[in-house]
$ cat run38.pdb   # PDB, C-alpha atoms, pLDDT in the B column
MODEL        1
ATOM      1  CA  MET D   1      79.010 -52.274 -19.339  1.00 40.00           C
ATOM      2  CA  GLY D   2      76.422 -54.877 -18.466  1.00 40.00           C
ATOM      3  CA  THR D   3      74.830 -55.631 -15.131  1.00 37.00           C
ATOM      4  CA  GLN D   4      77.162 -58.536 -14.442  1.00 37.00           C
ATOM      5  CA  ASP D   5      80.247 -56.391 -15.140  1.00 44.00           C
ATOM      6  CA  LYS D   6      79.012 -53.697 -12.778  1.00 54.00           C
ATOM      7  CA  GLU D   7      78.823 -56.106  -9.867  1.00 79.00           C
ATOM      8  CA  LYS D   8      82.618 -56.155  -9.596  1.00 95.00           C
ATOM      9  CA  GLY D   9      85.174 -53.398  -9.762  1.00 98.00           C
ATOM     10  CA  LYS D  10      88.015 -53.040 -12.241  1.00 98.00           C
ATOM     11  CA  ILE D  11      91.609 -52.116 -11.428  1.00 98.00           C
ATOM     12  CA  SER D  12      93.465 -49.349 -13.257  1.00 98.00           C
ATOM     13  CA  VAL D  13      97.089 -49.401 -12.093  1.00 98.00           C
ATOM     14  CA  SER D  14      98.927 -46.089 -11.967  1.00 96.00           C
ATOM     15  CA  MET D  15     102.023 -46.374 -14.147  1.00 97.00           C
ATOM     16  CA  MET D  16     103.295 -43.083 -12.725  1.00 94.00           C
ATOM     17  CA  CYS D  17     103.961 -44.973  -9.486  1.00 94.00           C
ATOM     18  CA  VAL D  18     105.928 -47.860 -11.045  1.00 97.00           C
ATOM     19  CA  ARG D  19     109.718 -47.648 -10.738  1.00 96.00           C
ATOM     20  CA  ILE D  20     111.442 -47.623 -14.135  1.00 95.00           C
ATOM     21  CA  ASP D  21     113.651 -50.580 -13.243  1.00 97.00           C
ATOM     22  CA  LEU D  22     110.611 -52.646 -12.229  1.00 98.00           C
ATOM     23  CA  THR D  23     108.380 -51.782 -15.173  1.00 97.00           C
ATOM     24  CA  MET D  24     108.674 -55.110 -17.031  1.00 97.00           C
ATOM     25  CA  ASP D  25     108.209 -57.151 -13.842  1.00 98.00           C
ATOM     26  CA  TYR D  26     105.094 -55.183 -12.936  1.00 98.00           C
ATOM     27  CA  LEU D  27     103.638 -55.411 -16.440  1.00 98.00           C
ATOM     28  CA  LYS D  28     104.027 -59.195 -16.375  1.00 98.00           C
ATOM     29  CA  ALA D  29     102.321 -59.299 -12.976  1.00 98.00           C
ATOM     30  CA  PHE D  30      99.459 -57.119 -14.173  1.00 98.00           C
ATOM     31  CA  GLU D  31      98.933 -59.357 -17.196  1.00 97.00           C
ATOM     32  CA  ARG D  32      98.955 -62.660 -15.308  1.00 97.00           C
ATOM     33  CA  ASN D  33      96.566 -61.251 -12.704  1.00 98.00           C
ATOM     34  CA  GLY D  34      94.166 -59.860 -15.291  1.00 97.00           C
ATOM     35  CA  VAL D  35      94.520 -56.218 -14.283  1.00 98.00           C
ATOM     36  CA  GLU D  36      92.098 -54.477 -16.605  1.00 98.00           C
ATOM     37  CA  LEU D  37      93.718 -51.098 -17.290  1.00 98.00           C
ATOM     38  CA  LEU D  38      97.009 -49.211 -17.139  1.00 98.00           C
ATOM     39  CA  HIS D  39      96.411 -45.720 -15.771  1.00 98.00           C
ATOM     40  CA  ILE D  40      98.364 -43.020 -17.610  1.00 98.00           C
ATOM     41  CA  ASP D  41      98.593 -39.709 -15.722  1.00 96.00           C
ATOM     42  CA  VAL D  42      99.493 -36.914 -18.134  1.00 97.00           C
ATOM     43  CA  MET D  43     100.391 -33.651 -16.356  1.00 95.00           C
ATOM     44  CA  ASP D  44     101.760 -30.495 -17.987  1.00 93.00           C
ATOM     45  CA  GLY D  45     103.088 -28.505 -15.035  1.00 93.00           C
ATOM     46  CA  THR D  46     100.492 -25.798 -15.725  1.00 93.00           C
ATOM     47  CA  PHE D  47      97.074 -27.225 -14.950  1.00 93.00           C
ATOM     48  CA  VAL D  48      98.693 -29.099 -12.062  1.00 91.00           C
ATOM     49  CA  PRO D  49     102.087 -28.484 -10.369  1.00 89.00           C
ATOM     50  CA  ASN D  50     103.820 -31.563 -11.745  1.00 89.00           C
ATOM     51  CA  ILE D  51     105.048 -33.041 -15.033  1.00 92.00           C
ATOM     52  CA  THR D  52     104.664 -36.790 -15.492  1.00 91.00           C
ATOM     53  CA  ILE D  53     104.120 -39.231 -18.338  1.00 90.00           C
ATOM     54  CA  GLY D  54     104.923 -38.024 -21.850  1.00 94.00           C
ATOM     55  CA  VAL D  55     104.364 -39.004 -25.459  1.00 96.00           C
ATOM     56  CA  ASP D  56     107.499 -41.142 -25.918  1.00 97.00           C
ATOM     57  CA  TYR D  57     106.812 -43.135 -22.751  1.00 96.00           C
ATOM     58  CA  VAL D  58     103.321 -43.969 -23.990  1.00 97.00           C
ATOM     59  CA  LYS D  59     104.649 -45.060 -27.400  1.00 96.00           C
ATOM     60  CA  GLN D  60     107.173 -47.396 -25.773  1.00 97.00           C
ATOM     61  CA  LEU D  61     104.622 -48.734 -23.289  1.00 97.00           C
ATOM     62  CA  ARG D  62     102.336 -49.645 -26.200  1.00 96.00           C
ATOM     63  CA  GLU D  63     105.147 -51.778 -27.622  1.00 96.00           C
ATOM     64  CA  ILE D  64     105.541 -53.861 -24.455  1.00 96.00           C
ATOM     65  CA  SER D  65     101.948 -54.104 -23.194  1.00 96.00           C
ATOM     66  CA  LYS D  66      98.716 -55.231 -24.811  1.00 92.00           C
ATOM     67  CA  GLN D  67      96.464 -53.902 -22.053  1.00 95.00           C
ATOM     68  CA  PRO D  68      94.118 -50.962 -22.654  1.00 97.00           C
ATOM     69  CA  PHE D  69      95.210 -47.589 -21.323  1.00 98.00           C
ATOM     70  CA  ASP D  70      93.257 -45.371 -18.963  1.00 98.00           C
ATOM     71  CA  PHE D  71      94.419 -41.846 -19.813  1.00 98.00           C
ATOM     72  CA  HIS D  72      93.903 -39.083 -17.248  1.00 97.00           C
ATOM     73  CA  PHE D  73      94.745 -35.748 -18.853  1.00 97.00           C
ATOM     74  CA  MET D  74      95.589 -33.068 -16.272  1.00 96.00           C
ATOM     75  CA  VAL D  75      96.639 -30.485 -18.855  1.00 97.00           C
ATOM     76  CA  GLU D  76      95.522 -27.158 -20.220  1.00 96.00           C
ATOM     77  CA  GLU D  77      94.163 -27.188 -23.785  1.00 96.00           C
ATOM     78  CA  PRO D  78      93.540 -30.949 -23.762  1.00 97.00           C
ATOM     79  CA  GLU D  79      91.645 -30.623 -27.040  1.00 96.00           C
ATOM     80  CA  GLU D  80      95.056 -30.088 -28.652  1.00 96.00           C
ATOM     81  CA  LYS D  81      97.432 -32.067 -26.413  1.00 96.00           C
ATOM     82  CA  MET D  82      95.368 -35.273 -26.548  1.00 96.00           C
ATOM     83  CA  ARG D  83      96.200 -35.500 -30.241  1.00 96.00           C
ATOM     84  CA  TRP D  84      99.876 -36.040 -29.414  1.00 96.00           C
ATOM     85  CA  PHE D  85      99.065 -39.380 -27.793  1.00 97.00           C
ATOM     86  CA  ASP D  86      98.252 -42.779 -29.240  1.00 94.00           C
ATOM     87  CA  ILE D  87      94.651 -43.113 -28.077  1.00 97.00           C
ATOM     88  CA  ARG D  88      93.185 -46.397 -29.276  1.00 97.00           C
ATOM     89  CA  GLU D  89      89.856 -48.176 -29.437  1.00 97.00           C
ATOM     90  CA  GLY D  90      88.968 -49.598 -26.031  1.00 97.00           C
ATOM     91  CA  ASP D  91      91.036 -47.101 -24.037  1.00 98.00           C
ATOM     92  CA  TRP D  92      89.461 -44.949 -21.342  1.00 98.00           C
ATOM     93  CA  VAL D  93      90.199 -41.219 -21.573  1.00 98.00           C
ATOM     94  CA  SER D  94      89.400 -38.643 -18.875  1.00 98.00           C
ATOM     95  CA  VAL D  95      89.666 -34.903 -19.446  1.00 98.00           C
ATOM     96  CA  HIS D  96      89.195 -32.365 -16.668  1.00 97.00           C
ATOM     97  CA  TRP D  97      86.118 -30.187 -16.813  1.00 97.00           C
ATOM     98  CA  GLU D  98      88.165 -27.391 -15.253  1.00 96.00           C
ATOM     99  CA  SER D  99      90.926 -27.512 -17.885  1.00 96.00           C
ATOM    100  CA  THR D 100      89.144 -26.373 -21.021  1.00 96.00           C
ATOM    101  CA  LYS D 101      86.362 -24.238 -22.476  1.00 95.00           C
ATOM    102  CA  HIS D 102      85.880 -26.867 -25.180  1.00 94.00           C
ATOM    103  CA  ILE D 103      84.935 -29.985 -23.250  1.00 96.00           C
ATOM    104  CA  ASP D 104      82.495 -31.071 -25.965  1.00 95.00           C
ATOM    105  CA  LYS D 105      85.281 -30.954 -28.574  1.00 96.00           C
ATOM    106  CA  CYS D 106      87.365 -33.191 -26.302  1.00 97.00           C
ATOM    107  CA  MET D 107      84.567 -35.716 -25.927  1.00 98.00           C
ATOM    108  CA  GLN D 108      83.974 -35.797 -29.689  1.00 97.00           C
ATOM    109  CA  TYR D 109      87.649 -36.471 -30.359  1.00 98.00           C
ATOM    110  CA  ILE D 110      87.791 -39.312 -27.814  1.00 98.00           C
ATOM    111  CA  LYS D 111      84.686 -40.882 -29.330  1.00 97.00           C
ATOM    112  CA  SER D 112      86.203 -40.606 -32.816  1.00 97.00           C
ATOM    113  CA  LYS D 113      89.040 -42.847 -31.614  1.00 97.00           C
ATOM    114  CA  GLY D 114      86.647 -45.532 -30.383  1.00 98.00           C
ATOM    115  CA  ALA D 115      87.664 -44.882 -26.784  1.00 98.00           C
ATOM    116  CA  HIS D 116      85.513 -44.449 -23.666  1.00 98.00           C
ATOM    117  CA  ALA D 117      84.909 -40.730 -23.082  1.00 98.00           C
ATOM    118  CA  CYS D 118      85.106 -39.525 -19.483  1.00 98.00           C
ATOM    119  CA  ILE D 119      85.099 -36.224 -17.648  1.00 98.00           C
ATOM    120  CA  ALA D 120      87.253 -35.806 -14.530  1.00 98.00           C
ATOM    121  CA  LEU D 121      86.179 -33.547 -11.661  1.00 97.00           C
ATOM    122  CA  ASN D 122      88.370 -32.073  -8.952  1.00 95.00           C
ATOM    123  CA  PRO D 123      87.186 -32.624  -5.363  1.00 94.00           C
ATOM    124  CA  GLY D 124      85.647 -29.133  -5.170  1.00 94.00           C
ATOM    125  CA  THR D 125      83.868 -29.242  -8.539  1.00 96.00           C
ATOM    126  CA  PRO D 126      80.131 -30.059  -8.273  1.00 97.00           C
ATOM    127  CA  ILE D 127      78.640 -32.881 -10.309  1.00 97.00           C
ATOM    128  CA  SER D 128      76.013 -30.428 -11.617  1.00 97.00           C
ATOM    129  CA  VAL D 129      78.500 -29.192 -14.259  1.00 97.00           C
ATOM    130  CA  LEU D 130      77.953 -32.471 -16.128  1.00 97.00           C
ATOM    131  CA  GLU D 131      74.307 -31.707 -16.897  1.00 95.00           C
ATOM    132  CA  GLU D 132      74.814 -30.985 -20.615  1.00 95.00           C
ATOM    133  CA  MET D 133      77.399 -33.714 -21.164  1.00 96.00           C
ATOM    134  CA  TYR D 134      75.672 -37.011 -20.393  1.00 97.00           C
ATOM    135  CA  GLY D 135      75.044 -37.695 -24.060  1.00 96.00           C
ATOM    136  CA  TYR D 136      78.795 -38.100 -24.557  1.00 96.00           C
ATOM    137  CA  LEU D 137      79.822 -39.851 -21.381  1.00 98.00           C
ATOM    138  CA  ASP D 138      80.971 -43.388 -20.746  1.00 98.00           C
ATOM    139  CA  GLY D 139      82.532 -42.520 -17.409  1.00 98.00           C
ATOM    140  CA  VAL D 140      83.055 -39.890 -14.724  1.00 98.00           C
ATOM    141  CA  LEU D 141      86.370 -39.746 -12.858  1.00 98.00           C
ATOM    142  CA  LEU D 142      85.923 -38.337  -9.361  1.00 98.00           C
ATOM    143  CA  LEU D 143      89.171 -37.293  -7.725  1.00 95.00           C
ATOM    144  CA  SER D 144      89.360 -37.821  -3.977  1.00 94.00           C
ATOM    145  CA  VAL D 145      92.618 -35.816  -3.747  1.00 87.00           C
ATOM    146  CA  ASN D 146      93.722 -32.589  -5.401  1.00 82.00           C
ATOM    147  CA  PRO D 147      95.479 -33.535  -8.647  1.00 73.00           C
ATOM    148  CA  GLY D 148      99.240 -33.362  -9.089  1.00 61.00           C
ATOM    149  CA  PHE D 149     100.987 -35.780  -6.765  1.00 62.00           C
ATOM    150  CA  ALA D 150     100.654 -39.352  -5.508  1.00 63.00           C
ATOM    151  CA  GLY D 151     100.540 -40.201  -1.812  1.00 62.00           C
ATOM    152  CA  GLN D 152      97.945 -37.644  -0.661  1.00 69.00           C
ATOM    153  CA  LYS D 153      95.239 -38.301   1.923  1.00 82.00           C
ATOM    154  CA  LEU D 154      91.707 -38.969   0.752  1.00 89.00           C
ATOM    155  CA  ILE D 155      89.242 -36.081   1.104  1.00 92.00           C
ATOM    156  CA  PRO D 156      86.343 -37.773   2.986  1.00 93.00           C
ATOM    157  CA  SER D 157      83.564 -35.661   1.423  1.00 94.00           C
ATOM    158  CA  VAL D 158      84.238 -37.285  -1.957  1.00 95.00           C
ATOM    159  CA  ILE D 159      82.734 -40.559  -0.698  1.00 96.00           C
ATOM    160  CA  ASP D 160      79.378 -38.797  -0.407  1.00 97.00           C
ATOM    161  CA  LYS D 161      79.992 -37.219  -3.804  1.00 97.00           C
ATOM    162  CA  VAL D 162      80.335 -40.695  -5.321  1.00 98.00           C
ATOM    163  CA  LYS D 163      77.070 -41.729  -3.641  1.00 98.00           C
ATOM    164  CA  ARG D 164      75.285 -38.686  -5.037  1.00 98.00           C
ATOM    165  CA  MET D 165      76.766 -39.263  -8.489  1.00 98.00           C
ATOM    166  CA  SER D 166      75.646 -42.893  -8.455  1.00 98.00           C
ATOM    167  CA  ALA D 167      72.131 -41.975  -7.307  1.00 98.00           C
ATOM    168  CA  HIS D 168      71.853 -39.271  -9.965  1.00 98.00           C
ATOM    169  CA  LEU D 169      72.938 -41.596 -12.754  1.00 97.00           C
ATOM    170  CA  LYS D 170      70.289 -44.074 -11.639  1.00 97.00           C
ATOM    171  CA  GLU D 171      67.689 -41.313 -11.510  1.00 97.00           C
ATOM    172  CA  ILE D 172      68.363 -40.210 -15.097  1.00 97.00           C
ATOM    173  CA  GLY D 173      68.587 -43.760 -16.418  1.00 97.00           C
ATOM    174  CA  ARG D 174      72.331 -43.650 -17.125  1.00 97.00           C
ATOM    175  CA  GLU D 175      73.637 -46.413 -14.896  1.00 96.00           C
ATOM    176  CA  ASP D 176      75.786 -47.438 -17.865  1.00 96.00           C
ATOM    177  CA  ILE D 177      78.083 -44.489 -17.059  1.00 98.00           C
ATOM    178  CA  THR D 178      80.969 -45.824 -14.959  1.00 98.00           C
ATOM    179  CA  ILE D 179      82.245 -43.961 -11.912  1.00 98.00           C
ATOM    180  CA  ILE D 180      86.044 -43.994 -11.652  1.00 98.00           C
ATOM    181  CA  ALA D 181      87.595 -43.394  -8.216  1.00 98.00           C
ATOM    182  CA  ASP D 182      91.080 -41.873  -8.184  1.00 95.00           C
ATOM    183  CA  GLY D 183      93.184 -40.746  -5.234  1.00 91.00           C
ATOM    184  CA  ASN D 184      94.516 -42.749  -2.265  1.00 91.00           C
ATOM    185  CA  MET D 185      92.623 -45.883  -3.211  1.00 94.00           C
ATOM    186  CA  SER D 186      93.858 -48.006  -0.328  1.00 95.00           C
ATOM    187  CA  ASN D 187      91.887 -51.197   0.065  1.00 97.00           C
ATOM    188  CA  GLU D 188      89.906 -49.622   2.898  1.00 97.00           C
ATOM    189  CA  ASN D 189      89.077 -46.521   0.852  1.00 96.00           C
ATOM    190  CA  ALA D 190      88.345 -48.570  -2.268  1.00 97.00           C
ATOM    191  CA  LYS D 191      85.778 -50.598  -0.312  1.00 97.00           C
ATOM    192  CA  LEU D 192      84.057 -47.377   0.762  1.00 97.00           C
ATOM    193  CA  MET D 193      84.080 -46.093  -2.820  1.00 97.00           C
ATOM    194  CA  TYR D 194      82.843 -49.416  -4.180  1.00 97.00           C
ATOM    195  CA  ASP D 195      79.927 -49.408  -1.746  1.00 97.00           C
ATOM    196  CA  ALA D 196      79.207 -45.813  -2.788  1.00 97.00           C
ATOM    197  CA  GLY D 197      78.974 -46.796  -6.460  1.00 97.00           C
ATOM    198  CA  ALA D 198      82.439 -46.541  -8.034  1.00 98.00           C
ATOM    199  CA  ARG D 199      83.423 -49.373 -10.378  1.00 98.00           C
ATOM    200  CA  ILE D 200      86.922 -48.537 -11.695  1.00 98.00           C
ATOM    201  CA  PHE D 201      89.668 -47.926  -9.153  1.00 98.00           C
ATOM    202  CA  VAL D 202      93.008 -46.246  -9.800  1.00 97.00           C
ATOM    203  CA  ALA D 203      95.580 -48.165  -7.745  1.00 96.00           C
ATOM    204  CA  GLY D 204      99.018 -46.832  -6.932  1.00 93.00           C
ATOM    205  CA  THR D 205     101.330 -46.720  -3.946  1.00 92.00           C
ATOM    206  CA  SER D 206      98.504 -47.012  -1.413  1.00 92.00           C
ATOM    207  CA  SER D 207      97.737 -50.593  -2.412  1.00 95.00           C
ATOM    208  CA  ILE D 208      99.478 -52.340  -5.333  1.00 97.00           C
ATOM    209  CA  VAL D 209     102.647 -50.518  -6.463  1.00 97.00           C
ATOM    210  CA  LYS D 210     105.595 -50.689  -4.088  1.00 96.00           C
ATOM    211  CA  ASP D 211     109.385 -50.375  -4.360  1.00 96.00           C
ATOM    212  CA  THR D 212     109.587 -54.133  -4.749  1.00 96.00           C
ATOM    213  CA  ILE D 213     107.831 -56.650  -6.987  1.00 97.00           C
ATOM    214  CA  GLU D 214     107.669 -59.184  -4.170  1.00 97.00           C
ATOM    215  CA  GLY D 215     104.122 -59.781  -2.959  1.00 97.00           C
ATOM    216  CA  VAL D 216     102.459 -58.071  -5.929  1.00 98.00           C
ATOM    217  CA  ASP D 217     100.137 -61.015  -6.641  1.00 98.00           C
ATOM    218  CA  GLU D 218      98.905 -60.935  -3.054  1.00 98.00           C
ATOM    219  CA  ARG D 219      98.463 -57.159  -3.189  1.00 98.00           C
ATOM    220  CA  ILE D 220      96.359 -57.426  -6.337  1.00 98.00           C
ATOM    221  CA  ALA D 221      94.257 -60.192  -4.759  1.00 98.00           C
ATOM    222  CA  ALA D 222      93.681 -58.025  -1.692  1.00 98.00           C
ATOM    223  CA  LYS D 223      92.581 -55.144  -3.902  1.00 98.00           C
ATOM    224  CA  ARG D 224      90.116 -57.420  -5.691  1.00 98.00           C
ATOM    225  CA  LYS D 225      88.530 -58.375  -2.369  1.00 97.00           C
ATOM    226  CA  SER D 226      87.905 -54.712  -1.600  1.00 97.00           C
ATOM    227  CA  ILE D 227      86.008 -54.078  -4.850  1.00 98.00           C
ATOM    228  CA  GLY D 228      83.393 -56.772  -4.971  1.00 94.00           C
ATOM    229  CA  TYR D 229      85.214 -60.068  -5.532  1.00 92.00           C
TER     230      TYR D 229
ENDMDL
END
$ encode --input "run38.pdb" --output "structure tokens"
Amino acid sequence: MGTQDKEKGKISVSMMCVRIDLTMDYLKAFERNGVELLHIDVMDGTFVPNITIGVDYVKQLREISKQPFDFHFMVEEPEEKMRWFDIREGDWVSVHWESTKHIDKCMQYIKSKGAHACIALNPGTPISVLEEMYGYLDGVLLLSVNPGFAGQKLIPSVIDKVKRMSAHLKEIGREDITIIADGNMSNENAKLMYDAGARIFVAGTSSIVKDTIEGVDERIAAKRKSIGY
């Protein structure tokens, strides 16, 4: 990502939060508003206490949307389970550091697909674990809630974590690595994360996705204002 791109944030809308009966309406709204990514939360009920988006859903979503996907794998043995999914060139793919002993194998596989390789960290996981992985990374997803369910409150200490991550990337000359903020990204919280150094924002029920399609264009515009537009 170039300097100009990094001046403004990108939106990754959580498809887990979109009602099934409103999926087509929301996809049309995301396309006309230039939403950059569709966030795909994959949970296995083991690494986290929930089961969400599966293989067949992703296949069908590919058929009705041309937008890149932003996969967030919250699963055990992601080095195997990632292969079930249709990861394509230009997608973003985050795998949890805590979920596997083979994080390098995961990164290699993502790179082989032409996708952006990212490592996700739980709120309590220190950024120091990434020390040996920067050679692979295109992004770091920092969770500001404990993974598993939407609608949780932001853990305030993660704002400082984003600041420290941003400062460290600058220090090691890797400002090209994008910080992804995920978890209660209300417009207020997104502004705090943007100022701290995040540049991709996972948006769900706290800002864009509601039980109605009405007002979605305005909600997306409001989100843009909070992330550098």
$ resolve_selection --input "run38.pdb" --expression "the PyMOL selection byres ((chain D and resi 23) around 12)" --output "ChimeraX atom specification"
/D:13-22,24-30,38,57,60-61,64-65,209-213
$ closest_residue --input "run38.pdb" --among "D:Met74, D:Met82, D:Val95, D:Ile119" --to "D:Asn146" --atoms "all atoms listed in the file"
D:Met74
$ resolve_selection --input "run38.pdb" --expression "the PyMOL selection byres ((chain D and resi 165) around 10)" --output "number ranges by chain"
D: 126-128, 140, 142, 159-164, 166-171, 179, 196-198
$ atom_distance --input "run38.pdb" --atom1 "atom CA of D:Ala181" --atom2 "atom CA of D:Trp97"
15.8 Å
$ atom_distance --input "run38.pdb" --atom1 "atom CA of D:Lys225" --atom2 "atom CA of D:Glu188"
10.3 Å
$ atom_distance --input "run38.pdb" --atom1 "atom CA of D:Tyr136" --atom2 "atom CA of D:His102"
13.3 Å
$ residues_around --input "run38.pdb" --residues "D:Ile227" --least-positions-apart "4" --cutoff "10 Å" --atoms "only C-alpha atoms" --output "NGL selection string"
:D and (7-11 or 187-195 or 198-201 or 222-223)
$ write_last_selection --input "run38.pdb" --atoms "C-alpha atoms" --output "short mmCIF file (atom, residue, chain, number, x, y, z; two decimals), in the coordinates of the input"
data_model
loop_
_atom_site.label_atom_id
_atom_site.label_comp_id
_atom_site.auth_asym_id
_atom_site.auth_seq_id
_atom_site.Cartn_x
_atom_site.Cartn_y
_atom_site.Cartn_z
CA GLU D 7 78.82 -56.11 -9.87
CA LYS D 8 82.62 -56.16 -9.60
CA GLY D 9 85.17 -53.40 -9.76
CA LYS D 10 88.02 -53.04 -12.24
CA ILE D 11 91.61 -52.12 -11.43
CA ASN D 187 91.89 -51.20 0.06
CA GLU D 188 89.91 -49.62 2.90
CA ASN D 189 89.08 -46.52 0.85
CA ALA D 190 88.34 -48.57 -2.27
CA LYS D 191 85.78 -50.60 -0.31
CA LEU D 192 84.06 -47.38 0.76
CA MET D 193 84.08 -46.09 -2.82
CA TYR D 194 82.84 -49.42 -4.18
CA ASP D 195 79.93 -49.41 -1.75
CA ALA D 198 82.44 -46.54 -8.03
CA ARG D 199 83.42 -49.37 -10.38
CA ILE D 200 86.92 -48.54 -11.70
CA PHE D 201 89.67 -47.93 -9.15
CA ALA D 222 93.68 -58.02 -1.69
CA LYS D 223 92.58 -55.14 -3.90
#
$ closest_residue --input "run38.pdb" --among "D:Glu31, D:Glu175, D:Asp56, D:Glu98" --to "D:Val75" --atoms "all atoms listed in the file"
D:Glu98
$ axis_aligned_box --input "run38.pdb" --around "stretch 76-94 of chain D" --padding-each-side "4 Å" --output "JSON"
{"center_x": 94.4, "center_y": -38.4, "center_z": -24.6, "size_x": 18.9, "size_y": 30.4, "size_z": 19.4}
$ resolve_selection --input "run38.pdb" --expression "the PyMOL selection byres ((chain D and resi 58) around 10)" --output "VMD selection string"
chain D and resid 40 42 53 to 57 59 to 63 69 85 to 87
$ closest_residue --input "run38.pdb" --among "D:Glu89, D:Asp44, D:Glu36, D:Asp104" --to "D:His72" --atoms "only C-alpha atoms"
D:Asp44
$ closest_residue --input "run38.pdb" --among "D:Ser12, D:Ser186, D:Gln108, D:Thr125" --to "D:Val158" --atoms "only C-alpha atoms"
D:Thr125
$ closest_residue --input "run38.pdb" --among "D:Val93, D:Val35, D:Ile180, D:Leu154" --to "D:Ser112" --atoms "only C-alpha atoms"
D:Val93
$ closest_residue --input "run38.pdb" --among "D:Gly215, D:Gly139, D:Gly204, D:Pro123" --to "D:Asp176" --atoms "all atoms listed in the file"
D:Gly139
$ build_atoms --input "run38.pdb" --residues "stretch 30-35 of chain D" --atoms "all heavy atoms" --output "PDB file, in the coordinates of the input"
ATOM      1  N   PHE D  30     100.789 -57.642 -13.850  1.00 98.00           N
ATOM      2  CA  PHE D  30      99.459 -57.119 -14.173  1.00 98.00           C
ATOM      3  C   PHE D  30      98.767 -58.014 -15.192  1.00 98.00           C
ATOM      4  O   PHE D  30      97.562 -58.282 -15.089  1.00 98.00           O
ATOM      5  CB  PHE D  30      99.574 -55.697 -14.728  1.00 98.00           C
ATOM      6  CG  PHE D  30     100.170 -54.693 -13.775  1.00 98.00           C
ATOM      7  CD1 PHE D  30     100.789 -53.541 -14.264  1.00 98.00           C
ATOM      8  CD2 PHE D  30     100.136 -54.891 -12.407  1.00 98.00           C
ATOM      9  CE1 PHE D  30     101.339 -52.619 -13.391  1.00 98.00           C
ATOM     10  CE2 PHE D  30     100.682 -53.964 -11.522  1.00 98.00           C
ATOM     11  CZ  PHE D  30     101.295 -52.833 -12.018  1.00 98.00           C
ATOM     12  N   GLU D  31      99.519 -58.506 -16.159  1.00 97.00           N
ATOM     13  CA  GLU D  31      98.933 -59.357 -17.196  1.00 97.00           C
ATOM     14  C   GLU D  31      98.483 -60.698 -16.630  1.00 97.00           C
ATOM     15  O   GLU D  31      97.375 -61.155 -16.902  1.00 97.00           O
ATOM     16  CB  GLU D  31      99.936 -59.568 -18.327  1.00 97.00           C
ATOM     17  CG  GLU D  31      99.355 -60.356 -19.494  1.00 97.00           C
ATOM     18  CD  GLU D  31     100.279 -60.416 -20.688  1.00 97.00           C
ATOM     19  OE1 GLU D  31     101.326 -59.731 -20.677  1.00 97.00           O
ATOM     20  OE2 GLU D  31      99.951 -61.161 -21.634  1.00 97.00           O
ATOM     21  N   ARG D  32      99.338 -61.338 -15.824  1.00 97.00           N
ATOM     22  CA  ARG D  32      98.955 -62.660 -15.308  1.00 97.00           C
ATOM     23  C   ARG D  32      97.825 -62.589 -14.283  1.00 97.00           C
ATOM     24  O   ARG D  32      97.114 -63.568 -14.070  1.00 97.00           O
ATOM     25  CB  ARG D  32     100.163 -63.390 -14.723  1.00 97.00           C
ATOM     26  CG  ARG D  32     100.722 -62.839 -13.430  1.00 97.00           C
ATOM     27  CD  ARG D  32     101.805 -63.761 -12.862  1.00 97.00           C
ATOM     28  NE  ARG D  32     102.422 -63.210 -11.679  1.00 97.00           N
ATOM     29  CZ  ARG D  32     103.542 -62.485 -11.678  1.00 97.00           C
ATOM     30  NH1 ARG D  32     104.181 -62.259 -12.816  1.00 97.00           N
ATOM     31  NH2 ARG D  32     104.027 -62.000 -10.550  1.00 97.00           N
ATOM     32  N   ASN D  33      97.644 -61.425 -13.675  1.00 98.00           N
ATOM     33  CA  ASN D  33      96.566 -61.251 -12.704  1.00 98.00           C
ATOM     34  C   ASN D  33      95.317 -60.616 -13.313  1.00 98.00           C
ATOM     35  O   ASN D  33      94.359 -60.329 -12.604  1.00 98.00           O
ATOM     36  CB  ASN D  33      97.045 -60.399 -11.527  1.00 98.00           C
ATOM     37  CG  ASN D  33      97.938 -61.179 -10.575  1.00 98.00           C
ATOM     38  OD1 ASN D  33      97.467 -61.976  -9.760  1.00 98.00           O
ATOM     39  ND2 ASN D  33      99.247 -60.957 -10.669  1.00 98.00           N
ATOM     40  N   GLY D  34      95.348 -60.380 -14.609  1.00 97.00           N
ATOM     41  CA  GLY D  34      94.166 -59.860 -15.291  1.00 97.00           C
ATOM     42  C   GLY D  34      93.797 -58.429 -14.938  1.00 97.00           C
ATOM     43  O   GLY D  34      92.617 -58.057 -15.007  1.00 97.00           O
ATOM     44  N   VAL D  35      94.798 -57.630 -14.550  1.00 98.00           N
ATOM     45  CA  VAL D  35      94.520 -56.218 -14.283  1.00 98.00           C
ATOM     46  C   VAL D  35      93.964 -55.579 -15.561  1.00 98.00           C
ATOM     47  O   VAL D  35      94.538 -55.715 -16.634  1.00 98.00           O
ATOM     48  CB  VAL D  35      95.805 -55.489 -13.816  1.00 98.00           C
ATOM     49  CG1 VAL D  35      95.610 -53.984 -13.830  1.00 98.00           C
ATOM     50  CG2 VAL D  35      96.190 -55.969 -12.422  1.00 98.00           C
TER      51      VAL D  35
END
